[in-house]
$ cat start-v6.txt   # compact mmCIF, C-alpha atoms (C1' of nucleotides)
# COMPACT_ATOMS: atom_id res chain seq x y z
CA MET Y 4 62.30 82.93 82.08
CA LYS Y 5 62.75 83.77 78.43
CA MET Y 6 60.75 82.38 75.58
CA SER Y 7 63.24 80.35 73.51
CA SER Y 8 64.12 81.18 69.94
CA LYS Y 9 62.67 77.84 69.02
CA ALA Y 10 59.23 78.83 70.28
CA ARG Y 11 59.44 82.33 68.85
CA TYR Y 12 60.51 81.09 65.43
CA GLY Y 13 57.84 78.42 65.52
CA LEU Y 14 55.21 81.04 66.15
CA TYR Y 15 56.58 83.15 63.30
CA VAL Y 16 56.21 80.15 61.03
CA ALA Y 17 52.64 79.63 62.20
CA VAL Y 18 51.86 83.29 61.52
CA GLU Y 19 53.28 83.05 58.01
CA LEU Y 20 51.31 79.88 57.35
CA ALA Y 21 48.17 81.51 58.70
CA ASN Y 22 48.64 84.46 56.37
CA ARG Y 23 48.90 82.05 53.45
CA TYR Y 24 46.28 79.63 54.64
CA SER Y 25 44.38 77.83 51.88
CA ASP Y 26 43.08 74.33 51.30
CA THR Y 27 45.36 73.64 48.40
CA GLU Y 28 48.60 75.57 48.65
CA VAL Y 29 51.62 74.65 50.71
CA VAL Y 30 54.60 76.79 51.68
CA SER Y 31 58.22 75.64 51.43
CA VAL Y 32 60.78 75.93 54.18
CA ALA Y 33 62.87 78.01 51.80
CA LEU Y 34 60.15 80.65 51.70
CA LEU Y 35 59.50 80.47 55.44
CA ALA Y 36 63.22 80.91 56.05
CA GLN Y 37 63.22 83.96 53.86
CA CYS Y 38 60.19 85.51 55.60
CA THR Y 39 61.41 84.84 59.11
CA GLY Y 40 65.13 85.37 58.65
CA VAL Y 41 65.91 82.01 60.24
CA THR Y 42 68.03 79.37 58.48
CA GLU Y 43 66.21 76.62 56.62
CA LYS Y 44 67.93 73.89 58.55
CA TYR Y 45 66.95 75.24 61.90
CA LEU Y 46 63.39 75.84 60.79
CA GLU Y 47 63.17 72.27 59.52
CA GLN Y 48 63.83 71.03 63.03
CA ILE Y 49 61.30 73.35 64.56
CA ILE Y 50 58.65 72.53 61.99
CA ALA Y 51 59.30 68.82 62.56
CA ILE Y 52 58.14 69.29 66.15
CA MET Y 53 55.08 71.18 64.99
CA LYS Y 54 54.30 68.47 62.49
CA LYS Y 55 54.56 65.75 65.10
CA ALA Y 56 52.12 67.73 67.26
CA ASN Y 57 49.71 67.97 64.34
CA ILE Y 58 49.93 71.72 64.07
CA VAL Y 59 51.25 71.66 60.54
CA HIS Y 60 50.84 69.17 57.77
CA ALA Y 61 53.55 68.34 55.24
CA ILE Y 62 53.55 67.41 51.58
CA ARG Y 63 56.80 65.75 50.56
CA GLY Y 64 58.65 65.84 47.29
CA ALA Y 65 59.04 68.49 44.62
CA SER Y 66 56.58 71.36 44.97
CA GLY Y 67 55.85 70.10 48.47
CA GLY Y 68 55.81 72.17 51.61
CA TYR Y 69 53.84 72.87 54.74
CA LYS Y 70 50.42 74.14 55.65
CA LEU Y 71 48.49 74.50 58.87
CA ALA Y 72 46.75 71.29 59.90
CA LYS Y 73 43.67 73.29 60.95
CA ALA Y 74 42.19 76.66 60.18
CA PRO Y 75 43.87 79.59 61.95
CA GLN Y 76 40.78 80.20 64.08
CA ASP Y 77 40.99 76.63 65.38
CA ILE Y 78 44.59 76.78 66.60
CA SER Y 79 45.46 78.70 69.75
CA VAL Y 80 48.78 80.33 70.45
CA GLY Y 81 48.91 78.14 73.54
CA ASP Y 82 48.66 75.02 71.36
CA ILE Y 83 51.71 76.14 69.43
CA LEU Y 84 53.86 77.36 72.28
CA ARG Y 85 53.21 74.35 74.49
CA VAL Y 86 54.79 71.96 71.99
CA LEU Y 87 57.82 74.18 71.50
CA GLU Y 88 58.38 75.38 75.04
CA ASP Y 89 58.32 72.30 77.26
CA ASN Y 90 54.57 72.44 77.80
CA LEU Y 91 54.88 76.05 79.01
CA GLN Y 92 55.81 74.78 82.42
CA ILE Y 93 57.44 77.53 84.42
CA VAL Y 94 59.17 75.27 86.94
CA ASP Y 95 60.04 71.61 86.70
CA CYS Y 96 59.33 70.67 90.29
CA ILE Y 97 55.57 70.99 89.92
CA HIS Y 98 55.17 67.44 88.77
CA LYS Y 99 58.21 66.06 90.50
CA ASP Y 100 58.44 64.60 93.92
CA CYS Y 101 60.64 67.26 95.43
CA ALA Y 102 61.00 66.03 98.99
CA ASN Y 103 63.84 68.40 99.87
CA GLY Y 104 63.67 72.11 99.99
CA CYS Y 105 60.60 72.43 97.86
CA ASN Y 106 58.60 75.02 99.57
CA CYS Y 107 54.99 74.11 99.04
CA VAL Y 108 53.38 77.52 99.21
CA SER Y 109 55.70 78.58 96.40
CA ARG Y 110 54.84 75.47 94.49
CA ASN Y 111 51.18 76.44 94.56
CA LEU Y 112 52.17 79.76 93.12
CA TRP Y 113 53.93 78.10 90.20
CA VAL Y 114 50.85 76.02 89.51
CA LYS Y 115 48.62 79.08 89.48
CA LEU Y 116 51.03 81.06 87.37
CA ASN Y 117 51.16 78.23 84.88
CA GLN Y 118 47.37 78.14 84.72
CA ASN Y 119 47.30 81.86 84.23
CA ILE Y 120 49.76 81.79 81.33
CA ASN Y 121 48.16 78.80 79.66
CA SER Y 122 44.64 80.04 79.91
CA TYR Y 123 45.62 83.43 78.56
CA LEU Y 124 47.44 81.93 75.59
CA ASP Y 125 44.55 79.59 74.93
CA THR Y 126 42.15 82.49 74.50
CA ILE Y 127 44.15 83.75 71.53
CA SER Y 128 43.75 82.03 68.20
CA LEU Y 129 46.23 82.25 65.40
CA GLN Y 130 43.52 84.07 63.47
CA GLN Y 131 43.25 86.74 66.15
CA LEU Y 132 47.01 87.04 66.25
CA VAL Y 133 47.44 87.65 62.53
CA GLU Y 134 44.56 90.12 62.55
CA ASP Y 135 46.29 91.84 65.45
CA LYS Y 136 43.12 91.65 67.53
CA LEU Y 137 44.59 90.94 70.93
CA MET X 12 60.83 79.63 79.73
CA LYS X 13 61.81 78.32 83.13
CA MET X 14 61.93 80.33 86.29
CA SER X 15 65.61 80.36 87.33
CA SER X 16 66.88 78.82 90.54
CA LYS X 17 67.96 82.28 91.53
CA ALA X 18 64.39 83.53 91.45
CA ARG X 19 62.96 80.44 93.07
CA TYR X 20 65.50 80.50 95.88
CA GLY X 21 64.97 84.20 96.34
CA LEU X 22 61.27 83.64 96.78
CA TYR X 23 61.95 80.85 99.27
CA VAL X 24 64.07 83.27 101.25
CA ALA X 25 61.29 85.84 101.16
CA VAL X 26 58.80 83.24 102.38
CA GLU X 27 61.06 82.28 105.27
CA LEU X 28 61.56 85.90 106.20
CA ALA X 29 57.82 86.51 105.99
CA ASN X 30 57.18 83.60 108.33
CA ARG X 31 59.62 85.11 110.82
CA TYR X 32 58.67 88.71 110.24
CA SER X 33 59.06 90.97 113.27
CA ASP X 34 60.24 94.52 113.88
CA THR X 35 63.24 93.48 115.89
CA GLU X 36 64.51 90.06 114.86
CA VAL X 37 66.75 89.28 111.93
CA VAL X 38 67.52 85.93 110.31
CA SER X 39 71.04 84.81 109.38
CA VAL X 40 72.02 83.38 106.01
CA ALA X 41 73.11 80.25 107.82
CA LEU X 42 69.55 79.63 108.99
CA LEU X 43 68.05 80.53 105.61
CA ALA X 44 70.45 78.12 103.94
CA GLN X 45 69.36 75.40 106.31
CA CYS X 46 65.66 76.05 105.70
CA THR X 47 65.91 76.27 101.96
CA GLY X 48 68.60 73.67 101.32
CA VAL X 49 70.65 76.14 99.30
CA THR X 50 74.31 76.89 100.08
CA GLU X 51 75.06 79.99 102.13
CA LYS X 52 77.37 81.39 99.51
CA TYR X 53 74.83 81.21 96.75
CA LEU X 54 72.09 82.64 98.94
CA GLU X 55 74.34 85.54 99.87
CA GLN X 56 74.50 86.53 96.23
CA ILE X 57 70.80 86.23 95.76
CA ILE X 58 70.00 88.16 98.91
CA ALA X 59 72.45 90.87 97.84
CA ILE X 60 70.23 91.52 94.83
CA MET X 61 67.15 91.61 97.01
CA LYS X 62 68.85 94.00 99.37
CA LYS X 63 69.83 96.34 96.57
CA ALA X 64 66.20 96.34 95.43
CA ASN X 65 65.08 97.22 98.94
CA ILE X 66 63.18 94.00 99.47
CA VAL X 67 65.27 92.95 102.43
CA HIS X 68 67.21 94.94 104.96
CA ALA X 69 70.50 93.79 106.47
CA ILE X 70 72.10 94.16 109.88
CA ARG X 71 75.82 93.56 109.73
CA GLY X 72 78.15 92.04 112.29
CA ALA X 73 77.72 89.37 114.93
CA SER X 74 74.07 88.50 115.57
CA GLY X 75 73.25 90.32 112.38
CA GLY X 76 71.09 89.00 109.60
CA TYR X 77 68.27 89.90 107.28
CA LYS X 78 64.66 90.92 107.53
CA LEU X 79 62.03 92.06 105.10
CA ALA X 80 62.24 95.77 104.35
CA LYS X 81 58.44 96.02 104.45
CA ALA X 82 55.60 94.05 105.95
CA PRO X 83 54.68 90.88 104.02
CA GLN X 84 51.34 92.36 102.98
CA ASP X 85 53.17 95.29 101.36
CA ILE X 86 55.46 93.22 99.14
CA SER X 87 54.11 91.48 96.07
CA VAL X 88 55.49 88.33 94.56
CA GLY X 89 55.94 90.34 91.38
CA ASP X 90 58.18 92.81 93.23
CA ILE X 91 60.44 89.97 94.25
CA LEU X 92 60.53 88.02 91.02
CA ARG X 93 61.11 91.07 88.85
CA VAL X 94 64.42 91.86 90.52
CA LEU X 95 65.60 88.26 90.28
CA GLU X 96 64.29 87.33 86.85
CA ASP X 97 65.32 90.09 84.45
CA ASN X 98 62.24 92.18 85.10
CA LEU X 99 60.04 89.18 84.20
CA GLN X 100 60.46 90.02 80.57
CA ILE X 101 59.51 87.03 78.44
CA VAL X 102 61.32 88.14 75.30
CA ASP X 103 64.15 90.61 74.90
CA CYS X 104 63.10 92.13 71.62
CA ILE X 105 60.14 93.96 73.13
CA HIS X 106 62.20 96.98 74.01
CA LYS X 107 64.77 96.56 71.28
CA ASP X 108 64.73 97.96 67.83
CA CYS X 109 64.44 94.68 65.98
CA ALA X 110 64.29 95.78 62.37
CA ASN X 111 64.87 92.32 60.89
CA GLY X 112 62.66 89.34 61.28
CA CYS X 113 60.76 90.65 64.23
CA ASN X 114 57.25 89.83 63.44
CA CYS X 115 55.19 92.60 64.93
CA VAL X 116 51.96 90.78 65.58
CA SER X 117 53.96 88.33 67.67
CA ARG X 118 55.65 91.16 69.42
CA ASN X 119 52.28 92.49 70.54
CA LEU X 120 51.57 89.07 71.96
CA TRP X 121 54.74 89.14 74.04
CA VAL X 122 53.80 92.53 75.39
CA LYS X 123 50.34 91.32 76.41
CA LEU X 124 51.70 88.12 77.88
CA ASN X 125 54.17 90.12 79.93
CA GLN X 126 51.40 92.34 81.20
CA ASN X 127 49.35 89.31 82.06
CA ILE X 128 52.13 87.68 84.07
CA ASN X 129 53.15 90.84 85.84
CA SER X 130 49.66 91.89 86.78
CA TYR X 131 48.87 88.44 88.11
CA LEU X 132 52.02 88.31 90.22
CA ASP X 133 51.35 91.80 91.49
CA THR X 134 48.00 90.78 92.90
CA ILE X 135 49.68 88.30 95.23
CA SER X 136 51.35 89.60 98.36
CA LEU X 137 53.92 87.67 100.33
CA GLN X 138 51.38 87.57 103.11
CA GLN X 139 48.87 85.82 100.89
CA LEU X 140 51.53 83.45 99.70
CA VAL X 141 52.62 82.32 103.15
CA GLU X 142 48.98 81.98 104.23
CA ASP X 143 48.47 79.88 101.10
CA LYS X 144 45.53 82.05 100.06
CA LEU X 145 46.05 82.14 96.35
C1' DT L 4 89.97 90.36 121.28
C1' DT L 5 87.24 86.99 119.35
C1' DA L 6 83.68 85.02 116.90
C1' DA L 7 79.79 85.62 114.15
C1' DT L 8 78.07 87.68 110.72
C1' DT L 9 77.37 90.43 106.17
C1' DC L 10 79.76 92.12 101.98
C1' DC L 11 82.49 91.92 97.68
C1' DT L 12 84.13 89.91 93.62
C1' DA L 13 86.51 86.62 90.76
C1' DC L 14 86.33 82.22 88.93
C1' DT L 15 84.50 77.69 87.17
C1' DA L 16 81.61 73.80 86.10
C1' DA L 17 77.39 72.23 84.23
C1' DT L 18 73.58 72.77 81.43
C1' DT L 19 70.92 74.47 77.87
C1' DT L 20 70.26 76.75 73.66
C1' DA L 21 70.90 77.61 69.14
C1' DC L 22 72.38 76.39 65.64
C1' DT L 23 75.49 73.68 61.62
C1' DA L 24 76.25 69.72 58.80
C1' DT L 25 75.45 65.61 56.15
C1' DG L 26 72.84 62.95 53.68
C1' DA L 27 68.66 59.92 52.93
C1' DT L 28 63.98 59.84 51.11
C1' DT L 29 60.14 61.32 48.39
C1' DT L 30 57.78 63.10 44.36
C1' DA L 31 56.53 66.41 40.51
C1' DT L 32 58.27 67.50 36.19
C1' DT L 33 60.64 66.85 31.86
C1' DA I 27 64.12 57.18 33.46
C1' DA I 28 66.50 61.16 35.01
C1' DT I 29 66.55 65.35 37.38
C1' DA I 30 65.55 68.69 40.59
C1' DA I 31 62.99 70.31 44.40
C1' DA I 32 61.47 69.41 48.35
C1' DT I 33 60.83 67.04 53.23
C1' DC I 34 62.88 63.95 56.81
C1' DA I 35 66.29 62.20 60.18
C1' DT I 36 70.01 62.59 63.10
C1' DA I 37 74.60 63.69 64.82
C1' DG I 38 77.64 67.11 66.17
C1' DT I 39 79.27 71.72 67.92
C1' DA I 40 79.74 76.45 69.46
C1' DA I 41 77.89 80.03 72.21
C1' DA I 42 75.50 81.63 75.99
C1' DT I 43 73.50 81.20 80.32
C1' DT I 44 72.93 79.35 84.75
C1' DA I 45 74.28 77.75 88.90
C1' DG I 46 77.19 77.49 91.76
C1' DT I 47 82.31 77.64 94.37
C1' DA I 48 85.94 80.08 96.58
C1' DG I 49 88.53 83.32 99.25
C1' DG I 50 88.76 86.83 101.96
C1' DA I 51 87.58 91.82 103.58
C1' DA I 52 84.60 94.58 106.62
C1' DT I 53 81.60 95.04 110.51
C1' DT I 54 79.87 94.48 115.13
C1' DA I 55 78.02 92.10 119.46
C1' DA I 56 79.74 89.80 123.27

$ encode --input "start-v6.txt" --output "structure tokens"
Amino acid sequence: MKMSSKARYGLYVAVELANRYSDTEVVSVALLAQCTGVTEKYLEQIIAIMKKANIVHAIRGASGGYKLAKAPQDISVGDILRVLEDNLQIVDCIHKDCANGCNCVSRNLWVKLNQNINSYLDTISLQQLVEDKL
Amino acid sequence: MKMSSKARYGLYVAVELANRYSDTEVVSVALLAQCTGVTEKYLEQIIAIMKKANIVHAIRGASGGYKLAKAPQDISVGDILRVLEDNLQIVDCIHKDCANGCNCVSRNLWVKLNQNINSYLDTISLQQLVEDKL
DNA sequence: TTAATTCCTACTAATTTACTATGATTTATT
DNA sequence: AATAAATCATAGTAAATTAGTAGGAATTAA
């Protein structure tokens, strides 16, 4: 039950973009890689997922880069982590038809735990996170 | 960020033992394996961890088996999952000295998320779980 | 003495994660 | 038009973790 590097790095990227948030400027992967200490190539893949989920917006070509698709106060940490961490689902069987062995009282626990985690992470905006107001 | 099979199976075992809780009777691994659909050999390893953590108590020899070390209302789901799921720690870097790259605002988030998960799971006793009163 | 059980520990197969690598495409700048 | 700086797309691989399998020793009730 570890948060993956993918999700952690993705959040780091979001934090860096939030710190540099502006209507006009974009940030290159090269700079994000430098700030986060993650390779450019790996970040590209992670950012691609975030782009697809409309968390970041890209400008292609020379002097292109990435920016947040919305203002930091309008993006929750939950929004970001869900797209990078398999919808923040703690166990797979919740939505599966697990006829065998799946103990239903435990299953209810997983559902509640999921709700707990998601609703907590949804209360925190990227803005709050960068201002360290948790 | 998936709960491991180890932790899930361990909780299933705890639920089965809670359902059969009595001062005198013990339950064999063979029966637990049958109820949970997990192999005896794998359950043995999982139960060994739970025994070491004083969650279950063992009686060796013929007609031996396992029982809960405490009453179901005195064991929390958090108690069980922590011993099976690396102390329910969502990221490793929290207690490490991560000089490079570790973005501290994110780190605070992991700490809070951990607290959130642990405190939720600590409010739920095995008794509540088996009575499905979440 | 036997059979039923827990206990101990080494090994292995499968899966997932975390990258690396290559190159195409796009676009501002000169 | 050429160049350079950037994103985009996708295949491959190495490392780590997870999830078991396997064999047998130790214990104890019957």

$ interface_residues --input "start-v6.txt" --of "chain X" --to "chain L" --cutoff "12 Å" --atoms "only C-alpha atoms (C1' of nucleotides)" --output "list in words"
Met12, Lys13, Val37, Val38, Ser39, Val40, Ala41, Leu42, Glu51, Lys52, Leu54, Glu55, Gln56, Ile58, Ala59, Ile60, Lys62, His68, Ala69, Ile70, Arg71, Gly72, Ala73, Ser74, Gly75, Gly76 and Tyr77 of chain X

$ residues_around --input "start-v6.txt" --residues "Y:Trp113" --least-positions-apart "6" --cutoff "10 Å" --atoms "all atoms listed in the file" --output "list in words"
Gln92, Ile93, Val94, Asp95, Cys96, Ile97, Cys107 and Asn119 of chain Y; Met14 and Arg19 of chain X

$ closest_residue --input "start-v6.txt" --among "X:Lys78, X:Val94, X:Val26, X:Thr47" --to "chain Y" --atoms "all atoms listed in the file"
X:Thr47

$ atom_distance --input "start-v6.txt" --atom1 "atom CA of X:Asn30" --atom2 "atom CA of X:Asn65"
18.3 Å

$ interface_residues --input "start-v6.txt" --of "chain I" --to "chain Y" --cutoff "8 Å" --atoms "all atoms listed in the file" --output "ChimeraX atom specification"
/I:30-33

$ interface_residues --input "start-v6.txt" --of "chain Y" --to "chain X" --cutoff "8 Å" --atoms "all atoms listed in the file" --output "ChimeraX atom specification"
/Y:4-7,14-15,38-40,88,91-95,103-106,108-109,111-112,115-116,119-120,123-124,132-133,135,137

$ atom_distance --input "start-v6.txt" --atom1 "atom CA of Y:Met53" --atom2 "atom CA of Y:Gln118"
22.3 Å

$ atom_distance --input "start-v6.txt" --atom1 "atom CA of X:Glu36" --atom2 "atom CA of X:Leu92"
24.3 Å

$ residues_around --input "start-v6.txt" --residues "Y:Asp125" --least-positions-apart "6" --cutoff "8 Å" --atoms "only C-alpha atoms (C1' of nucleotides)" --output "ChimeraX atom specification"
/Y:79-82
